[in-house]
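Here's the structure, in structure tokens; my notes come after.
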Amino acid sequence: MTDVDLQRPKRRREATVERLLDAALETFAEQGFAAASVEDICSRAGLTRGAFYSSFKTKDELFEALMTREVERDLARVAELLTGLADEPDPLAAAVDRVLGAFRCDRTWALVVTEYTLHAARNPEAAEVLRRHDDQLGSRLAELVDRMAAEAGLTFTLPAADLIGAATALLSGLTVMSLTAQGDLEPLRRTALLSLVRGAVSRPSTTP
């Protein structure tokens, strides 16, 4: 048996997982996490229940994999976009614009996260999933922000982790608002985040 033959089952499993994650994203947004069934997800993915349970034990495990995939994609984009800010005339404004452009805030993802947050409010195990991802995301973003600040010659008035926490809370609230708002909240998101960052980050003093 060749290496190619050995890799085929792995590739099939990976393709199955991706189909399930894509289907879960749409199904959770459309029906809500609690209302969506494994059968609904499998039907949308064009797969059997057996295919689901060969990859995931529960819907919660599926959601955790979905969040991991989406967060990893966002972090990869942010890591790339926060490079070269020292060459920008206004590094803070450039950083805010790039981050807002990288992190998804579309209606589908906002609905999925909001639905799961409500589920987690009543389910300690689900709450732990969110806390674990929030901690990991915050830690990795703080590392990226510290690196960006060093490259751009900026200093913080508070730890990067605290700044990330405040920015996350701000953007999460505005994201929930966007689900029922009539107007476009993107200008407000930018203004609010930039104001927060400017208030917490300053250039080093040049006074002798």
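Chain lettering (A, B, ...) mirrors the order of the structure tokens, residue numbering begins at 1 for each chain separately, and ligand numbering begins at 1 in order of display.
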Each region 73-148 of chain A residue no farther than 12 Å from region 58-61 of chain A, nearest pair in Å, only C-alpha atoms, as CSV:
```
residue,atom,partner,partner_atom,distance
A:Tyr116,CA,A:Asp60,CA,9.0
A:Thr117,CA,A:Asp60,CA,11.7
A:His119,CA,A:Asp60,CA,9.9
A:Ala120,CA,A:Asp60,CA,9.8
A:Asn123,CA,A:Asp60,CA,10.5
A:Pro124,CA,A:Asp60,CA,11.7
A:Glu125,CA,A:Asp60,CA,8.9
A:Ala126,CA,A:Asp60,CA,6.9
A:Ala127,CA,A:Asp60,CA,10.5
A:Glu128,CA,A:Asp60,CA,11.0
A:Val129,CA,A:Asp60,CA,8.5
A:Leu130,CA,A:Asp60,CA,10.6
```
Using DSSP on the backbone coordinates, identify the residues of region 2-202 of chain A assigned to strand (DSSP E or B); present them as a PDB file with all heavy atoms, in the first residue's frame.
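Written output follows (out_6.pdb):
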```pdb
ATOM      1  N   THR A 155       3.451  52.342  23.336  1.00  0.00           N
ATOM      2  CA  THR A 155       3.413  51.821  24.691  1.00  0.00           C
ATOM      3  C   THR A 155       1.966  51.763  25.163  1.00  0.00           C
ATOM      4  O   THR A 155       1.128  52.532  24.699  1.00  0.00           O
ATOM      5  CB  THR A 155       4.217  52.709  25.658  1.00  0.00           C
ATOM      6  OG1 THR A 155       3.741  54.057  25.578  1.00  0.00           O
ATOM      7  CG2 THR A 155       5.702  52.679  25.304  1.00  0.00           C
ATOM      8  N   PHE A 156       1.704  50.864  26.110  1.00  0.00           N
ATOM      9  CA  PHE A 156       0.361  50.669  26.632  1.00  0.00           C
ATOM     10  C   PHE A 156       0.231  51.294  28.015  1.00  0.00           C
ATOM     11  O   PHE A 156       1.172  51.312  28.794  1.00  0.00           O
ATOM     12  CB  PHE A 156       0.043  49.178  26.728  1.00  0.00           C
ATOM     13  CG  PHE A 156      -0.094  48.502  25.405  1.00  0.00           C
ATOM     14  CD1 PHE A 156       1.025  48.015  24.744  1.00  0.00           C
ATOM     15  CD2 PHE A 156      -1.334  48.333  24.822  1.00  0.00           C
ATOM     16  CE1 PHE A 156       0.903  47.395  23.516  1.00  0.00           C
ATOM     17  CE2 PHE A 156      -1.466  47.715  23.596  1.00  0.00           C
ATOM     18  CZ  PHE A 156      -0.345  47.244  22.946  1.00  0.00           C
ATOM     19  N   VAL A 201      -3.447  53.339  24.594  1.00  0.00           N
ATOM     20  CA  VAL A 201      -2.141  53.192  23.983  1.00  0.00           C
ATOM     21  C   VAL A 201      -1.604  54.568  23.600  1.00  0.00           C
ATOM     22  O   VAL A 201      -2.310  55.397  23.070  1.00  0.00           O
ATOM     23  CB  VAL A 201      -2.198  52.294  22.724  1.00  0.00           C
ATOM     24  CG1 VAL A 201      -0.808  52.041  22.175  1.00  0.00           C
ATOM     25  CG2 VAL A 201      -2.924  50.994  23.025  1.00  0.00           C
ATOM     26  N   SER A 202      -0.329  54.791  23.885  1.00  0.00           N
ATOM     27  CA  SER A 202       0.279  56.066  23.524  1.00  0.00           C
ATOM     28  C   SER A 202       1.702  55.838  23.055  1.00  0.00           C
ATOM     29  O   SER A 202       2.325  54.829  23.369  1.00  0.00           O
ATOM     30  CB  SER A 202       0.281  57.034  24.715  1.00  0.00           C
ATOM     31  OG  SER A 202       1.058  56.483  25.766  1.00  0.00           O
TER      32      SER A 202
END
```
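Proximity ranking of A:Leu111, A:Glu39, A:Leu158, A:Leu21 relative to Val197 (chain A) places A:Leu158 first, based on only C-alpha atoms.
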Next on the checklist: Just checking: using only C-alpha atoms, which residue out of A:Val113, A:Val99, A:Leu141, A:Leu62 ends up closest to Arg189 (chain A)?
Outcome noted: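 Checking each of A:Val113, A:Val99, A:Leu141, A:Leu62 against Arg189 (chain A), counting only C-alpha atoms, the winner is A:Val99.
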Quick one: pick out all helix (DSSP H, G or I) residues within chain A from a backbone DSSP run and write them as a compact mmCIF listing (two decimals) with C-alpha atoms, in the first residue's frame.
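Contents of result34.txt, as written:
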```txt
# COMPACT_ATOMS: atom_id res chain seq x y z
CA ASP A 3 1.53 6.60 0.97
CA VAL A 4 -1.17 7.97 -1.32
CA ASP A 5 -3.46 5.06 -0.43
CA LEU A 6 -2.83 5.64 3.27
CA GLN A 7 -3.66 9.32 2.97
CA ARG A 8 -7.01 8.80 1.26
CA PRO A 9 -9.02 7.84 4.40
CA LYS A 10 -7.55 10.82 6.26
CA ARG A 11 -8.51 13.19 3.46
CA ARG A 12 -12.03 11.70 3.37
CA ARG A 13 -12.40 12.21 7.12
CA GLU A 14 -11.17 15.78 6.84
CA ALA A 15 -13.60 16.47 3.99
CA THR A 16 -16.46 15.00 6.03
CA VAL A 17 -15.61 17.21 9.01
CA GLU A 18 -15.49 20.31 6.82
CA ARG A 19 -18.92 19.50 5.35
CA LEU A 20 -20.34 19.03 8.83
CA LEU A 21 -18.83 22.31 10.05
CA ASP A 22 -20.17 24.22 7.06
CA ALA A 23 -23.61 22.69 7.54
CA ALA A 24 -23.56 23.40 11.27
CA LEU A 25 -22.72 27.05 10.69
CA GLU A 26 -25.78 27.56 8.51
CA THR A 27 -28.09 25.34 10.54
CA PHE A 28 -27.25 26.90 13.91
CA ALA A 29 -27.76 30.38 12.46
CA GLU A 30 -31.05 29.43 10.82
CA GLN A 31 -32.65 27.32 13.55
CA VAL A 38 -28.03 16.21 14.37
CA GLU A 39 -30.37 15.05 11.61
CA ASP A 40 -30.83 18.65 10.40
CA ILE A 41 -27.07 19.15 10.19
CA CYS A 42 -26.49 15.82 8.45
CA SER A 43 -29.27 16.51 5.96
CA ARG A 44 -27.79 19.88 5.04
CA ALA A 45 -24.34 18.32 4.72
CA ARG A 49 -25.82 10.17 11.26
CA GLY A 50 -23.04 7.61 11.22
CA ALA A 51 -20.76 10.10 9.51
CA PHE A 52 -21.58 12.64 12.21
CA TYR A 53 -20.91 10.31 15.12
CA LYS A 59 -23.50 19.04 19.03
CA ASP A 60 -21.40 20.85 21.63
CA GLU A 61 -18.28 19.09 20.42
CA LEU A 62 -19.21 20.04 16.87
CA PHE A 63 -19.66 23.67 17.90
CA GLU A 64 -16.28 23.71 19.63
CA ALA A 65 -14.65 22.45 16.42
CA LEU A 66 -16.55 25.09 14.43
CA MET A 67 -15.39 27.87 16.74
CA THR A 68 -11.82 26.60 16.64
CA ARG A 69 -11.84 26.65 12.84
CA GLU A 70 -13.29 30.14 12.59
CA VAL A 71 -11.00 31.59 15.28
CA GLU A 72 -7.90 30.04 13.72
CA ARG A 73 -8.82 31.57 10.38
CA ASP A 74 -9.34 34.98 11.98
CA LEU A 75 -6.10 34.82 13.95
CA ALA A 76 -4.12 33.89 10.86
CA ARG A 77 -5.52 36.94 9.08
CA VAL A 78 -4.85 39.22 12.04
CA ALA A 79 -1.27 37.99 12.41
CA GLU A 80 -0.64 38.85 8.78
CA LEU A 81 -2.47 42.17 8.86
CA LEU A 85 2.11 48.97 10.98
CA ALA A 86 5.26 50.94 11.82
CA ASP A 87 5.22 52.23 8.23
CA PRO A 91 -0.50 52.88 13.27
CA LEU A 92 -3.45 52.79 15.68
CA ALA A 93 -6.05 53.68 13.07
CA ALA A 94 -4.47 51.24 10.63
CA ALA A 95 -4.48 48.48 13.25
CA VAL A 96 -8.16 49.04 14.04
CA ASP A 97 -9.15 49.06 10.37
CA ARG A 98 -7.22 45.88 9.68
CA VAL A 99 -8.56 44.02 12.71
CA LEU A 100 -12.16 44.99 11.97
CA GLY A 101 -11.64 43.81 8.42
CA ALA A 102 -10.24 40.46 9.56
CA ARG A 107 -25.03 38.11 10.58
CA THR A 108 -24.61 34.34 10.28
CA TRP A 109 -21.64 34.11 12.65
CA ALA A 110 -23.16 36.65 15.05
CA LEU A 111 -26.33 34.56 15.29
CA VAL A 112 -24.38 31.34 15.86
CA VAL A 113 -22.24 32.80 18.66
CA THR A 114 -25.21 34.52 20.30
CA GLU A 115 -27.28 31.34 20.20
CA TYR A 116 -24.50 29.30 21.75
CA THR A 117 -23.87 31.95 24.41
CA LEU A 118 -27.52 31.64 25.49
CA HIS A 119 -27.10 27.86 25.58
CA ALA A 120 -23.92 28.24 27.64
CA ALA A 121 -25.66 30.51 30.14
CA PRO A 124 -21.88 24.78 32.66
CA GLU A 125 -20.04 22.49 30.22
CA ALA A 126 -20.91 24.74 27.29
CA ALA A 127 -19.87 27.77 29.33
CA GLU A 128 -16.50 26.13 29.88
CA VAL A 129 -16.11 25.71 26.11
CA LEU A 130 -16.60 29.45 25.64
CA ARG A 131 -14.30 30.37 28.53
CA ARG A 132 -11.57 28.12 27.20
CA HIS A 133 -11.76 29.65 23.74
CA ASP A 134 -11.99 33.19 25.11
CA ASP A 135 -8.86 32.59 27.19
CA GLN A 136 -6.94 31.12 24.27
CA LEU A 137 -8.07 33.84 21.89
CA GLY A 138 -7.30 36.61 24.36
CA SER A 139 -3.84 35.25 25.08
CA ARG A 140 -2.90 34.90 21.43
CA LEU A 141 -4.32 38.30 20.52
CA ALA A 142 -2.40 39.88 23.38
CA GLU A 143 0.81 38.39 22.00
CA LEU A 144 0.03 39.81 18.55
CA VAL A 145 -0.82 43.24 19.97
CA ASP A 146 2.36 43.33 22.08
CA ARG A 147 4.40 42.45 19.00
CA MET A 148 2.63 45.10 16.93
CA ALA A 149 3.17 47.73 19.62
CA ALA A 150 6.88 46.95 19.84
CA GLU A 151 7.29 47.16 16.07
CA ALA A 152 5.35 50.44 15.88
CA ALA A 160 -2.51 44.08 26.41
CA ALA A 161 -4.71 41.31 27.80
CA ASP A 162 -6.90 43.88 29.57
CA LEU A 163 -7.14 45.96 26.42
CA ILE A 164 -8.16 42.88 24.44
CA GLY A 165 -10.81 42.04 27.03
CA ALA A 166 -12.30 45.53 26.88
CA ALA A 167 -12.24 45.57 23.07
CA THR A 168 -13.87 42.14 22.90
CA ALA A 169 -16.67 43.21 25.23
CA LEU A 170 -17.23 46.37 23.20
CA LEU A 171 -17.34 44.60 19.86
CA SER A 172 -19.47 41.73 21.18
CA GLY A 173 -22.08 44.19 22.41
CA LEU A 174 -22.17 46.03 19.11
CA THR A 175 -22.38 42.74 17.24
CA VAL A 176 -25.48 41.75 19.20
CA MET A 177 -26.96 45.19 18.51
CA SER A 178 -26.36 44.69 14.80
CA GLU A 186 -19.70 49.53 11.10
CA PRO A 187 -18.86 53.27 11.47
CA LEU A 188 -19.79 53.06 15.15
CA ARG A 189 -17.69 49.93 15.61
CA ARG A 190 -14.67 51.69 14.17
CA THR A 191 -15.17 54.91 16.12
CA ALA A 192 -15.74 53.11 19.42
CA LEU A 193 -12.80 50.73 19.04
CA LEU A 194 -10.43 53.44 17.88
CA SER A 195 -11.43 55.66 20.82
CA LEU A 196 -10.82 52.78 23.22
CA VAL A 197 -7.41 52.01 21.75
CA ARG A 198 -6.30 55.63 21.64
CA GLY A 199 -7.23 55.98 25.27
CA ALA A 200 -5.18 52.96 26.27
```
Next on the checklist: Rounded to one decimal, what separation in Å do you get between CA of Ser55 (chain A) and CA of Gly32 (chain A)?
Outcome noted: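 Answer for the CA of Ser55 (chain A) to CA of Gly32 (chain A) separation: 21.3 Å.
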